[in-house]
file structure.tsv (TSV, C-alpha atoms)
chain	number	residue	atom	x	y	z
A	12	MET	CA	-18.21	-10.26	-1.18
A	13	LYS	CA	-20.36	-10.07	-4.29
A	14	LYS	CA	-17.99	-9.01	-7.07
A	15	LEU	CA	-14.23	-9.22	-7.10
A	16	ILE	CA	-12.15	-7.97	-10.00
A	17	ILE	CA	-8.82	-9.68	-10.60
A	18	ALA	CA	-6.72	-6.68	-11.61
A	19	THR	CA	-4.42	-8.26	-14.17
A	20	ALA	CA	-4.19	-8.48	-17.93
A	21	ASN	CA	-2.40	-11.84	-17.62
A	22	LYS	CA	-4.90	-14.62	-18.31
A	23	GLY	CA	-2.66	-17.25	-16.69
A	24	LYS	CA	-2.58	-15.26	-13.49
A	25	TYR	CA	-6.35	-14.72	-13.65
A	26	ASP	CA	-7.02	-18.46	-14.06
A	27	GLU	CA	-4.81	-19.17	-11.06
A	28	PHE	CA	-6.61	-16.60	-8.92
A	29	VAL	CA	-10.03	-17.99	-9.80
A	30	ASN	CA	-8.86	-21.21	-8.18
A	31	ILE	CA	-7.25	-19.50	-5.16
A	32	VAL	CA	-10.08	-17.11	-4.27
A	33	LYS	CA	-13.08	-19.36	-4.96
A	34	GLY	CA	-15.68	-18.98	-2.21
A	35	PHE	CA	-14.41	-15.49	-1.40
A	36	ALA	CA	-16.64	-13.71	-3.94
A	37	ASP	CA	-19.83	-14.67	-5.76
A	38	GLU	CA	-18.55	-13.33	-9.07
A	39	ILE	CA	-14.89	-13.20	-10.11
A	40	ILE	CA	-14.14	-10.93	-13.04
A	41	PHE	CA	-11.13	-10.72	-15.39
A	42	ALA	CA	-10.27	-7.01	-15.42
A	43	PRO	CA	-9.82	-6.55	-19.20
A	44	GLU	CA	-13.43	-7.71	-19.66
A	45	ILE	CA	-14.76	-4.57	-17.99
A	46	ALA	CA	-12.31	-1.81	-18.94
A	47	ARG	CA	-9.12	-0.87	-20.70
A	48	LEU	CA	-6.46	0.31	-18.28
A	49	ILE	CA	-2.68	0.22	-18.30
A	50	VAL	CA	-1.04	0.76	-14.93
A	51	ASP	CA	2.62	1.78	-14.86
A	52	GLU	CA	4.48	-0.44	-12.43
A	53	THR	CA	6.71	2.30	-11.09
A	54	GLY	CA	7.11	0.94	-7.56
A	55	LYS	CA	10.40	-0.26	-6.15
A	56	THR	CA	8.76	-3.20	-4.33
A	57	TYR	CA	6.18	-5.88	-5.10
A	58	ALA	CA	3.97	-4.27	-2.44
A	59	GLU	CA	3.98	-0.87	-4.12
A	60	ASN	CA	3.25	-2.29	-7.55
A	61	SER	CA	0.40	-4.49	-6.32
A	62	MET	CA	-1.11	-1.51	-4.52
A	63	LEU	CA	-0.84	0.70	-7.60
A	64	LYS	CA	-2.67	-1.90	-9.70
A	65	ALA	CA	-5.40	-2.70	-7.15
A	66	ARG	CA	-6.15	0.96	-6.47
A	67	ALA	CA	-6.14	1.99	-10.12
A	68	TRP	CA	-8.60	-0.75	-11.04
A	69	ALA	CA	-10.77	-0.06	-7.98
A	70	GLU	CA	-10.96	3.60	-8.92
A	71	LYS	CA	-11.79	2.73	-12.52
A	72	SER	CA	-14.45	0.13	-11.69
A	73	GLY	CA	-15.82	1.04	-8.26
A	74	PHE	CA	-15.60	-2.63	-7.24
A	75	PRO	CA	-13.27	-4.52	-4.91
A	76	CYS	CA	-10.08	-5.40	-6.77
A	77	LEU	CA	-7.35	-7.90	-6.10
A	78	ALA	CA	-3.95	-7.37	-7.71
A	79	ASP	CA	-0.68	-9.21	-7.51
A	80	ASP	CA	2.91	-8.36	-8.14
A	81	SER	CA	5.28	-11.26	-7.99
A	82	GLY	CA	8.71	-12.41	-8.97
A	83	LEU	CA	11.27	-15.15	-8.89
A	84	GLU	CA	14.35	-14.50	-6.76
A	85	VAL	CA	17.31	-16.73	-7.60
A	86	ASN	CA	20.14	-17.05	-5.07
A	87	ALA	CA	22.97	-17.42	-7.57
A	88	LEU	CA	21.75	-14.31	-9.41
A	89	ASP	CA	21.65	-12.14	-6.28
A	90	GLY	CA	17.86	-12.19	-6.25
A	91	ALA	CA	17.36	-11.50	-9.97
A	92	PRO	CA	15.11	-11.42	-11.96
A	93	GLY	CA	13.01	-10.39	-8.90
A	94	LEU	CA	10.85	-7.33	-9.44
A	95	TYR	CA	11.63	-7.50	-13.17
A	96	SER	CA	10.72	-11.18	-13.64
A	97	ALA	CA	8.02	-10.44	-16.22
A	98	ARG	CA	10.12	-7.92	-18.19
A	99	ILE	CA	13.72	-9.01	-17.69
A	100	ILE	CA	14.10	-9.56	-21.44
A	101	PRO	CA	11.70	-8.98	-24.35
A	102	GLY	CA	9.78	-12.03	-25.52
A	103	ASN	CA	7.38	-14.59	-24.20
A	104	ASP	CA	7.47	-16.86	-21.14
A	105	LYS	CA	9.54	-19.44	-22.97
A	106	ASP	CA	12.20	-16.86	-23.86
A	107	LYS	CA	12.43	-15.76	-20.24
A	108	VAL	CA	12.79	-19.31	-18.98
A	109	SER	CA	15.56	-19.94	-21.56
A	110	TRP	CA	17.28	-16.76	-20.43
A	111	LEU	CA	17.12	-17.94	-16.80
A	112	LEU	CA	18.53	-21.38	-17.60
A	113	SER	CA	21.39	-19.81	-19.55
A	114	GLN	CA	22.20	-17.52	-16.63
A	115	LEU	CA	22.45	-20.54	-14.33
A	116	GLU	CA	24.74	-22.60	-16.56
A	117	GLY	CA	27.63	-23.87	-14.47
A	118	LYS	CA	26.14	-22.65	-11.16
A	119	THR	CA	25.76	-25.22	-8.40
A	120	ASP	CA	23.45	-23.21	-6.15
A	121	ARG	CA	20.03	-23.40	-7.80
A	122	LYS	CA	17.95	-22.31	-4.82
A	123	ALA	CA	15.24	-19.77	-5.51
A	124	ARG	CA	11.96	-18.49	-4.19
A	125	PHE	CA	8.81	-17.14	-5.70
A	126	VAL	CA	7.47	-14.09	-3.88
A	127	ALA	CA	4.16	-12.30	-4.26
A	128	ALA	CA	2.49	-9.24	-2.83
A	129	LEU	CA	-1.29	-9.27	-3.09
A	130	ALA	CA	-3.27	-6.06	-2.70
A	131	LEU	CA	-7.00	-6.06	-2.05
A	132	CYS	CA	-8.60	-2.64	-2.51
A	133	VAL	CA	-12.19	-2.13	-1.40
A	134	PRO	CA	-13.07	1.39	-2.62
A	135	GLY	CA	-13.74	3.89	0.16
A	136	LYS	CA	-12.75	1.37	2.83
A	137	PHE	CA	-9.23	0.03	2.70
A	138	THR	CA	-6.30	-1.39	0.79
A	139	LEU	CA	-4.76	-4.47	2.37
A	140	ILE	CA	-1.39	-5.81	1.24
A	141	CYS	CA	-0.02	-9.20	2.24
A	142	GLU	CA	3.10	-10.97	1.05
A	143	GLY	CA	3.79	-14.64	0.52
A	144	GLU	CA	6.60	-16.86	-0.66
A	145	CYS	CA	7.32	-20.35	-1.92
A	146	LYS	CA	10.84	-21.71	-1.64
A	147	GLY	CA	12.33	-24.17	-4.12
A	148	GLU	CA	15.00	-24.61	-6.75
A	149	ILE	CA	15.50	-24.16	-10.46
A	150	ALA	CA	15.41	-27.30	-12.63
A	151	HIS	CA	18.03	-27.87	-15.35
A	152	TYR	CA	15.40	-28.20	-18.08
A	153	GLN	CA	11.78	-27.16	-18.65
A	154	PHE	CA	9.14	-29.65	-17.57
A	155	GLY	CA	5.34	-29.49	-17.69
A	156	LYS	CA	2.60	-27.53	-19.39
A	157	ASN	CA	0.55	-26.04	-16.54
A	158	GLY	CA	0.78	-22.55	-15.11
A	159	PHE	CA	2.72	-19.73	-16.73
A	160	GLY	CA	5.91	-17.69	-16.39
A	161	TYR	CA	8.81	-19.56	-14.80
A	162	ASP	CA	6.60	-22.46	-13.63
A	163	PRO	CA	8.27	-25.04	-15.94
A	164	VAL	CA	11.62	-24.68	-14.14
A	165	PHE	CA	10.54	-24.08	-10.53
A	166	ILE	CA	10.55	-27.14	-8.26
A	167	PRO	CA	8.99	-26.25	-4.91
A	168	ASP	CA	10.66	-27.65	-1.77
A	169	GLY	CA	9.23	-31.04	-0.83
A	170	TYR	CA	8.29	-31.98	-4.41
A	171	ASN	CA	10.07	-33.61	-7.34
A	172	LEU	CA	7.95	-31.89	-9.98
A	173	THR	CA	7.92	-28.37	-11.34
A	174	PHE	CA	4.99	-25.98	-10.80
A	175	ALA	CA	4.10	-26.67	-14.44
A	176	GLU	CA	3.89	-30.42	-13.78
A	177	LEU	CA	1.92	-30.20	-10.53
A	178	SER	CA	-1.86	-30.03	-10.71
A	179	SER	CA	-3.32	-26.57	-10.23
A	180	ASP	CA	-4.93	-27.82	-7.00
A	181	VAL	CA	-1.53	-28.66	-5.55
A	182	LYS	CA	0.19	-25.52	-6.84
A	183	ASN	CA	-2.59	-23.33	-5.47
A	184	LYS	CA	-2.14	-24.77	-1.99
A	185	ILE	CA	1.60	-24.17	-1.77
A	186	SER	CA	2.28	-21.21	-4.05
A	187	HIS	CA	3.51	-17.75	-3.08
A	188	ARG	CA	0.10	-16.37	-4.11
A	189	ALA	CA	-1.77	-18.89	-1.98
A	190	ASP	CA	0.49	-18.02	0.97
A	191	ALA	CA	-0.24	-14.30	0.57
A	192	PHE	CA	-3.96	-14.89	0.08
A	193	ARG	CA	-4.17	-16.91	3.32
A	194	LYS	CA	-2.88	-13.83	5.15
A	195	ILE	CA	-5.54	-11.68	3.47
A	196	LEU	CA	-8.22	-14.12	4.57
A	197	GLU	CA	-7.16	-13.72	8.19
A	198	PHE	CA	-8.61	-10.20	7.97
A	199	VAL	CA	-11.30	-10.28	5.36
A	200	LYS	CA	-13.99	-12.92	5.39
B	16	MET	CA	-0.94	-4.78	20.42
B	17	LYS	CA	2.04	-4.29	22.68
B	18	LYS	CA	4.25	-1.77	20.90
B	19	LEU	CA	3.26	0.62	18.14
B	20	ILE	CA	5.74	2.94	16.49
B	21	ILE	CA	4.39	6.19	15.10
B	22	ALA	CA	6.46	6.47	11.93
B	23	THR	CA	6.92	10.23	11.73
B	24	ALA	CA	9.62	12.74	12.55
B	25	ASN	CA	6.93	15.41	13.13
B	26	LYS	CA	6.37	15.81	16.86
B	27	GLY	CA	3.02	17.58	16.34
B	28	LYS	CA	1.76	14.64	14.33
B	29	TYR	CA	3.08	12.18	16.93
B	30	ASP	CA	1.29	14.01	19.77
B	31	GLU	CA	-1.93	13.90	17.80
B	32	PHE	CA	-1.59	10.18	17.14
B	33	VAL	CA	-0.96	9.41	20.80
B	34	ASN	CA	-4.40	10.83	21.45
B	35	ILE	CA	-6.06	9.07	18.48
B	36	VAL	CA	-4.63	5.59	19.01
B	37	LYS	CA	-4.76	5.37	22.80
B	38	GLY	CA	-6.01	1.99	23.94
B	39	PHE	CA	-4.83	0.41	20.68
B	40	ALA	CA	-1.30	-0.35	21.93
B	41	ASP	CA	0.27	-0.65	25.38
B	42	GLU	CA	3.29	1.40	24.37
B	43	ILE	CA	3.31	4.13	21.74
B	44	ILE	CA	6.75	5.13	20.49
B	45	PHE	CA	7.94	8.25	18.62
B	46	ALA	CA	10.01	6.80	15.74
B	47	PRO	CA	13.06	9.11	16.02
B	48	GLU	CA	13.57	7.86	19.58
B	49	ILE	CA	14.50	4.39	18.34
B	50	ALA	CA	16.31	4.96	15.03
B	51	ARG	CA	17.46	7.43	12.42
B	52	LEU	CA	15.70	6.94	9.13
B	53	ILE	CA	14.78	9.25	6.30
B	54	VAL	CA	12.14	7.93	3.92
B	55	ASP	CA	11.85	9.55	0.49
B	56	GLU	CA	8.22	10.38	-0.18
B	57	THR	CA	8.35	9.46	-3.83
B	58	GLY	CA	4.72	8.31	-4.16
B	59	LYS	CA	2.15	10.05	-6.31
B	60	THR	CA	-0.61	9.54	-3.73
B	61	TYR	CA	-1.04	9.86	0.03
B	62	ALA	CA	-1.59	6.09	0.14
B	63	GLU	CA	1.75	5.30	-1.51
B	64	ASN	CA	3.69	7.68	0.72
B	65	SER	CA	2.08	6.41	3.93
B	66	MET	CA	2.85	2.83	2.88
B	67	LEU	CA	6.48	3.67	2.08
B	68	LYS	CA	6.94	5.21	5.52
B	69	ALA	CA	5.16	2.48	7.50
B	70	ARG	CA	7.01	-0.32	5.72
B	71	ALA	CA	10.42	1.33	5.95
B	72	TRP	CA	10.05	1.85	9.70
B	73	ALA	CA	8.62	-1.63	10.23
B	74	GLU	CA	11.59	-3.13	8.38
B	75	LYS	CA	14.01	-1.01	10.41
B	76	SER	CA	12.44	-1.73	13.80
B	77	GLY	CA	10.69	-5.09	13.49
B	78	PHE	CA	7.66	-3.62	15.29
B	79	PRO	CA	4.19	-2.63	14.07
B	80	CYS	CA	4.35	0.87	12.61
B	81	LEU	CA	1.68	3.43	11.85
B	82	ALA	CA	2.44	6.16	9.30
B	83	ASP	CA	0.40	8.96	7.85
B	84	ASP	CA	0.54	11.05	4.73
B	85	SER	CA	-1.87	13.91	4.62
B	86	GLY	CA	-2.63	17.16	2.91
B	87	LEU	CA	-4.94	20.09	2.55
B	88	GLU	CA	-6.89	20.32	-0.70
B	89	VAL	CA	-8.30	23.75	-1.46
B	90	ASN	CA	-11.09	24.09	-4.03
B	91	ALA	CA	-10.07	27.48	-5.40
B	92	LEU	CA	-6.51	26.21	-5.89
B	93	ASP	CA	-7.57	23.12	-7.84
B	94	GLY	CA	-6.72	20.86	-4.90
B	95	ALA	CA	-3.34	22.45	-4.04
B	96	PRO	CA	-1.27	22.27	-1.91
B	97	GLY	CA	-2.47	18.63	-1.63
B	98	LEU	CA	0.31	16.04	-1.65
B	99	TYR	CA	2.86	18.85	-1.30
B	100	SER	CA	1.21	20.53	1.72
B	101	ALA	CA	4.25	20.09	3.96
B	102	ARG	CA	6.77	21.20	1.32
B	103	ILE	CA	4.89	23.62	-0.92
B	104	ILE	CA	7.32	26.42	-0.01
B	105	PRO	CA	10.45	26.42	2.17
B	106	GLY	CA	9.95	27.61	5.74
B	107	ASN	CA	7.95	26.72	8.81
B	108	ASP	CA	4.24	26.13	9.36
B	109	LYS	CA	3.58	29.85	9.75
B	110	ASP	CA	5.20	30.60	6.38
B	111	LYS	CA	3.06	27.96	4.69
B	112	VAL	CA	-0.13	29.30	6.22
B	113	SER	CA	0.80	32.83	5.08
B	114	TRP	CA	1.45	31.51	1.60
B	115	LEU	CA	-1.98	29.83	1.58
B	116	LEU	CA	-3.79	33.00	2.73
B	117	SER	CA	-2.01	35.05	0.05
B	118	GLN	CA	-3.06	32.54	-2.63
B	119	LEU	CA	-6.69	32.90	-1.55
B	120	GLU	CA	-6.78	36.71	-1.57
B	121	GLY	CA	-9.82	37.84	-3.53
B	122	LYS	CA	-11.24	34.32	-3.89
B	123	THR	CA	-14.79	33.77	-2.71
B	124	ASP	CA	-14.76	29.96	-2.66
B	125	ARG	CA	-12.82	29.03	0.48
B	126	LYS	CA	-13.94	25.43	0.73
B	127	ALA	CA	-11.24	22.87	1.46
B	128	ARG	CA	-10.68	19.44	2.89
B	129	PHE	CA	-7.99	17.75	4.87
B	130	VAL	CA	-7.23	14.25	3.66
B	131	ALA	CA	-5.09	11.55	5.22
B	132	ALA	CA	-3.93	8.07	4.34
B	133	LEU	CA	-2.87	5.98	7.31
B	134	ALA	CA	-0.76	2.86	6.82
B	135	LEU	CA	-0.38	0.23	9.51
B	136	CYS	CA	2.39	-2.26	8.80
B	137	VAL	CA	2.69	-5.35	10.99
B	138	PRO	CA	5.95	-7.01	9.84
B	139	GLY	CA	5.48	-10.40	8.19
B	140	LYS	CA	1.69	-10.10	8.33
B	141	PHE	CA	0.17	-7.18	6.45
B	142	THR	CA	0.09	-3.54	5.51
B	143	LEU	CA	-3.33	-1.92	5.81
B	144	ILE	CA	-4.06	1.48	4.29
B	145	CYS	CA	-7.18	3.50	5.04
B	146	GLU	CA	-8.05	7.02	3.99
B	147	GLY	CA	-10.03	9.69	5.77
B	148	GLU	CA	-11.15	13.25	5.20
B	149	CYS	CA	-12.46	16.28	7.04
B	150	LYS	CA	-14.32	18.95	5.08
B	151	GLY	CA	-14.27	22.61	5.98
B	152	GLU	CA	-13.15	26.04	4.81
B	153	ILE	CA	-10.17	28.34	5.04
B	154	ALA	CA	-10.41	31.26	7.49
B	155	HIS	CA	-9.29	34.77	6.46
B	156	TYR	CA	-6.78	35.01	9.31
B	157	GLN	CA	-4.89	32.65	11.59
B	158	PHE	CA	-6.59	31.74	14.86
B	159	GLY	CA	-5.51	29.45	17.72
B	160	LYS	CA	-2.36	27.82	19.06
B	161	ASN	CA	-3.17	24.08	19.06
B	162	GLY	CA	-2.19	21.49	16.48
B	163	PHE	CA	0.28	22.15	13.67
B	164	GLY	CA	0.50	22.76	9.94
B	165	TYR	CA	-2.52	24.52	8.45
B	166	ASP	CA	-4.64	24.03	11.60
B	167	PRO	CA	-4.83	27.80	12.40
B	168	VAL	CA	-6.78	28.52	9.19
B	169	PHE	CA	-8.91	25.37	8.81
B	170	ILE	CA	-12.49	25.63	10.09
B	171	PRO	CA	-14.14	22.19	9.96
B	172	ASP	CA	-17.77	22.03	8.77
B	173	GLY	CA	-20.21	22.43	11.68
B	174	TYR	CA	-17.83	24.53	13.80
B	175	ASN	CA	-16.99	28.21	14.09
B	176	LEU	CA	-13.44	27.64	15.34
B	177	THR	CA	-10.27	26.56	13.56
B	178	PHE	CA	-8.55	23.23	14.26
B	179	ALA	CA	-5.98	25.26	16.23
B	180	GLU	CA	-8.70	26.72	18.46
B	181	LEU	CA	-10.58	23.47	19.08
B	182	SER	CA	-9.45	21.23	21.92
B	183	SER	CA	-7.38	18.23	20.87
B	184	ASP	CA	-10.21	15.98	22.09
B	185	VAL	CA	-12.63	17.60	19.64
B	186	LYS	CA	-10.14	17.73	16.75
B	187	ASN	CA	-9.24	14.09	17.25
B	188	LYS	CA	-12.86	13.01	16.95
B	189	ILE	CA	-13.54	14.81	13.67
B	190	SER	CA	-10.16	15.02	11.93
B	191	HIS	CA	-9.11	13.33	8.70
B	192	ARG	CA	-6.68	11.18	10.72
B	193	ALA	CA	-9.39	10.11	13.15
B	194	ASP	CA	-11.66	9.24	10.21
B	195	ALA	CA	-8.93	7.08	8.65
B	196	PHE	CA	-8.04	5.44	11.96
B	197	ARG	CA	-11.68	4.46	12.57
B	198	LYS	CA	-11.52	2.50	9.31
B	199	ILE	CA	-8.33	0.78	10.46
B	200	LEU	CA	-10.04	-0.20	13.72
B	201	GLU	CA	-12.79	-1.95	11.79
B	202	PHE	CA	-10.16	-4.55	10.87
B	203	VAL	CA	-7.57	-4.55	13.59
B	204	LYS	CA	-8.54	-4.79	17.23

call {"tool": "encode", "arguments": {"input": "structure.tsv", "output": "structure tokens"}}
result
Amino acid sequence: MKKLIIATANKGKYDEFVNIVKGFADEIIFAPEIARLIVDETGKTYAENSMLKARAWAEKSGFPCLADDSGLEVNALDGAPGLYSARIIPGNDKDKVSWLLSQLEGKTDRKARFVAALALCVPGKFTLICEGECKGEIAHYQFGKNGFGYDPVFIPDGYNLTFAELSSDVKNKISHRADAFRKILEFVK
Amino acid sequence: MKKLIIATANKGKYDEFVNIVKGFADEIIFAPEIARLIVDETGKTYAENSMLKARAWAEKSGFPCLADDSGLEVNALDGAPGLYSARIIPGNDKDKVSWLLSQLEGKTDRKARFVAALALCVPGKFTLICEGECKGEIAHYQFGKNGFGYDPVFIPDGYNLTFAELSSDVKNKISHRADAFRKILEFVK
């Protein structure tokens, strides 16, 4: 594939994708660099939202587009913040992480999973949607500076560090996005 | 593929798919024979609706599911009935065809196209969506008994007969659904 547009306005997500998809396309483009476009995330599932974003950007640009919709599902919160992870409260990433920690005060079950739906839209040909997950638990405090979103409190199973403490190379082998992208690669070379 | 569920409650559509997908699966199943399920078609595009149906049936059954959302887009009606082709007015297929002919009275441009989005959902692996089209024009009267929906008034380009007059073998080579399914076959063998 020559050009691939990463259909997100989130620079942290873009940086992560550059690492995950390298070798898949000659040129990897951050969507806001080529157009202005706001896509309403009206779907009721990660899959719907990722498809809406990938297709909207593919229609706008004419190039293959990869979009993601993802969330953190926490056992003790009945799967919240889930689909609303990025907009559960107003504010920045740090505010959302503080909100999450406050919600979990006094809870013993800290199990959680990150889930992602990735949609690859190649205009005139197909839209392919694959889902991935990464299981883990929520730390009691924030640790680390890497990544974005809830990374500073998510400790993936099998590790003693949060996503924000792990190197991007490690995170991008085990993450929910990496898991979903491996499924995409089974179809599209 | 061993089992494939055709995720529709429309027997005419199921019969057509049996013909289109033969050889793709050992066993082809009409969805209502295995479960009761009503899927709200809340999407704003054929692609969204086909995905909603394929994923809902795949979740319900655990088997690979193929769904379609399709419509007839008529030039002189600014693309109507389009996404609402099956529910543009209450009543049966014949009522809808009569409605269409009445809308086109006095119009000289009778060009139209059938469009379809097909979604194939293989649980735990992927959802693949491909779109197809078949261009043609709207006849002045209804002709033929085959097919369903607007088939009796749709004359595909290159033919002098409506979809309802053509044999199913011919229709299923040139139809919007066949066009979309060919794109699916480029990925999934």

call {"tool": "closest_residue", "arguments": {"input": "structure.tsv", "among": "A:Arg98, A:Lys194, A:Lys22, A:Lys107", "to": "chain B", "atoms": "only C-alpha atoms"}}
result
A:Lys194

call {"tool": "residues_around", "arguments": {"input": "structure.tsv", "residues": "range 126-132 of chain B", "least_positions_apart": "3", "cutoff": "6 Å", "atoms": "all atoms listed in the file", "output": "PDB file with C-alpha atoms, keeping the file's coordinate frame"}}
result
ATOM      1  CA  TYR B  61      -1.040   9.860   0.030  1.00  0.00           C
ATOM      2  CA  ALA B  62      -1.590   6.090   0.140  1.00  0.00           C
ATOM      3  CA  ASP B  83       0.400   8.960   7.850  1.00  0.00           C
ATOM      4  CA  ASP B  84       0.540  11.050   4.730  1.00  0.00           C
ATOM      5  CA  SER B  85      -1.870  13.910   4.620  1.00  0.00           C
ATOM      6  CA  GLY B  86      -2.630  17.160   2.910  1.00  0.00           C
ATOM      7  CA  LEU B  87      -4.940  20.090   2.550  1.00  0.00           C
ATOM      8  CA  GLU B  88      -6.890  20.320  -0.700  1.00  0.00           C
ATOM      9  CA  VAL B  89      -8.300  23.750  -1.460  1.00  0.00           C
ATOM     10  CA  ASN B  90     -11.090  24.090  -4.030  1.00  0.00           C
ATOM     11  CA  CYS B 145      -7.180   3.500   5.040  1.00  0.00           C
ATOM     12  CA  GLU B 146      -8.050   7.020   3.990  1.00  0.00           C
ATOM     13  CA  GLY B 147     -10.030   9.690   5.770  1.00  0.00           C
ATOM     14  CA  GLU B 148     -11.150  13.250   5.200  1.00  0.00           C
ATOM     15  CA  CYS B 149     -12.460  16.280   7.040  1.00  0.00           C
ATOM     16  CA  LYS B 150     -14.320  18.950   5.080  1.00  0.00           C
ATOM     17  CA  GLY B 151     -14.270  22.610   5.980  1.00  0.00           C
ATOM     18  CA  GLU B 152     -13.150  26.040   4.810  1.00  0.00           C
ATOM     19  CA  HIS B 191      -9.110  13.330   8.700  1.00  0.00           C
ATOM     20  CA  ARG B 192      -6.680  11.180  10.720  1.00  0.00           C
TER      21      ARG B 192
END

call {"tool": "residues_around", "arguments": {"input": "structure.tsv", "residues": "Lys182 in chain A", "least_positions_apart": "4", "cutoff": "10 Å", "atoms": "all atoms listed in the file", "output": "list in words"}}
result
Glu27, Ile31, Asn157, Gly158, Asp162, Pro167, Thr173, Phe174, Ala175, Glu176, Leu177, Ser178, Ser186, His187, Arg188 and Ala189 of chain A

call {"tool": "atom_distance", "arguments": {"input": "structure.tsv", "atom1": "CA of Lys37 in chain B", "atom2": "CA of Phe196 in chain B"}}
result
11.3 Å

call {"tool": "closest_atom_pairs", "arguments": {"input": "structure.tsv", "of": "chain A", "to": "chain B", "cutoff": "10 Å", "atoms": "all atoms listed in the file", "output": "Markdown table"}}
result
| residue | atom | partner | partner_atom | distance |
| --- | --- | --- | --- | --- |
| A:Thr53 | CA | B:Gly58 | CA | 9.4 |
| A:Gly54 | CA | B:Gly58 | CA | 8.5 |
| A:Lys55 | CA | B:Leu67 | CA | 9.9 |
| A:Thr56 | CA | B:Leu67 | CA | 9.7 |
| A:Ala58 | CA | B:Thr142 | CA | 8.9 |
| A:Glu59 | CA | B:Glu63 | CA | 7.1 |
| A:Asn60 | CA | B:Glu63 | CA | 9.8 |
| A:Met62 | CA | B:Glu63 | CA | 8.0 |
| A:Leu63 | CA | B:Glu63 | CA | 8.1 |
| A:Arg66 | CA | B:Ala62 | CA | 9.5 |
| A:Ala128 | CA | B:Phe141 | CA | 9.8 |
| A:Leu129 | CA | B:Phe141 | CA | 9.9 |
| A:Ala130 | CA | B:Thr142 | CA | 9.2 |
| A:Leu131 | CA | B:Leu143 | CA | 9.6 |
| A:Cys132 | CA | B:Ile144 | CA | 9.2 |
| A:Val133 | CA | B:Cys145 | CA | 9.9 |
| A:Pro134 | CA | B:Cys145 | CA | 9.9 |
| A:Gly135 | CA | B:Glu146 | CA | 7.5 |
| A:Lys136 | CA | B:Cys145 | CA | 6.4 |
| A:Phe137 | CA | B:Cys145 | CA | 4.7 |
| A:Thr138 | CA | B:Ile144 | CA | 5.1 |
| A:Leu139 | CA | B:Leu143 | CA | 4.5 |
| A:Ile140 | CA | B:Thr142 | CA | 5.1 |
| A:Cys141 | CA | B:Phe141 | CA | 4.7 |
| A:Glu142 | CA | B:Phe141 | CA | 7.2 |
| A:Gly143 | CA | B:Gly139 | CA | 8.9 |
| A:Ala191 | CA | B:Lys140 | CA | 9.0 |
| A:Lys194 | CA | B:Lys140 | CA | 6.7 |
| A:Ile195 | CA | B:Phe141 | CA | 7.9 |
| A:Glu197 | CA | B:Lys140 | CA | 9.6 |
| A:Phe198 | CA | B:Phe202 | CA | 6.5 |
| A:Val199 | CA | B:Phe202 | CA | 8.0 |

call {"tool": "write_last_selection", "arguments": {"input": "structure.tsv", "atoms": "C-alpha atoms", "output": "PDB file, in the coordinates of the input"}}
result
ATOM      1  CA  THR A  53       6.710   2.300 -11.090  1.00  0.00           C
ATOM      2  CA  GLY A  54       7.110   0.940  -7.560  1.00  0.00           C
ATOM      3  CA  LYS A  55      10.400  -0.260  -6.150  1.00  0.00           C
ATOM      4  CA  THR A  56       8.760  -3.200  -4.330  1.00  0.00           C
ATOM      5  CA  ALA A  58       3.970  -4.270  -2.440  1.00  0.00           C
ATOM      6  CA  GLU A  59       3.980  -0.870  -4.120  1.00  0.00           C
ATOM      7  CA  ASN A  60       3.250  -2.290  -7.550  1.00  0.00           C
ATOM      8  CA  MET A  62      -1.110  -1.510  -4.520  1.00  0.00           C
ATOM      9  CA  LEU A  63      -0.840   0.700  -7.600  1.00  0.00           C
ATOM     10  CA  ARG A  66      -6.150   0.960  -6.470  1.00  0.00           C
ATOM     11  CA  ALA A 128       2.490  -9.240  -2.830  1.00  0.00           C
ATOM     12  CA  LEU A 129      -1.290  -9.270  -3.090  1.00  0.00           C
ATOM     13  CA  ALA A 130      -3.270  -6.060  -2.700  1.00  0.00           C
ATOM     14  CA  LEU A 131      -7.000  -6.060  -2.050  1.00  0.00           C
ATOM     15  CA  CYS A 132      -8.600  -2.640  -2.510  1.00  0.00           C
ATOM     16  CA  VAL A 133     -12.190  -2.130  -1.400  1.00  0.00           C
ATOM     17  CA  PRO A 134     -13.070   1.390  -2.620  1.00  0.00           C
ATOM     18  CA  GLY A 135     -13.740   3.890   0.160  1.00  0.00           C
ATOM     19  CA  LYS A 136     -12.750   1.370   2.830  1.00  0.00           C
ATOM     20  CA  PHE A 137      -9.230   0.030   2.700  1.00  0.00           C
ATOM     21  CA  THR A 138      -6.300  -1.390   0.790  1.00  0.00           C
ATOM     22  CA  LEU A 139      -4.760  -4.470   2.370  1.00  0.00           C
ATOM     23  CA  ILE A 140      -1.390  -5.810   1.240  1.00  0.00           C
ATOM     24  CA  CYS A 141      -0.020  -9.200   2.240  1.00  0.00           C
ATOM     25  CA  GLU A 142       3.100 -10.970   1.050  1.00  0.00           C
ATOM     26  CA  GLY A 143       3.790 -14.640   0.520  1.00  0.00           C
ATOM     27  CA  ALA A 191      -0.240 -14.300   0.570  1.00  0.00           C
ATOM     28  CA  LYS A 194      -2.880 -13.830   5.150  1.00  0.00           C
ATOM     29  CA  ILE A 195      -5.540 -11.680   3.470  1.00  0.00           C
ATOM     30  CA  GLU A 197      -7.160 -13.720   8.190  1.00  0.00           C
ATOM     31  CA  PHE A 198      -8.610 -10.200   7.970  1.00  0.00           C
ATOM     32  CA  VAL A 199     -11.300 -10.280   5.360  1.00  0.00           C
TER      33      VAL A 199
END

call {"tool": "residues_around", "arguments": {"input": "structure.tsv", "residues": "Tyr156 in chain B", "least_positions_apart": "4", "cutoff": "9 Å", "atoms": "only C-alpha atoms", "output": "list in words"}}
result
Ser113, Leu116, Pro167 and Val168 of chain B
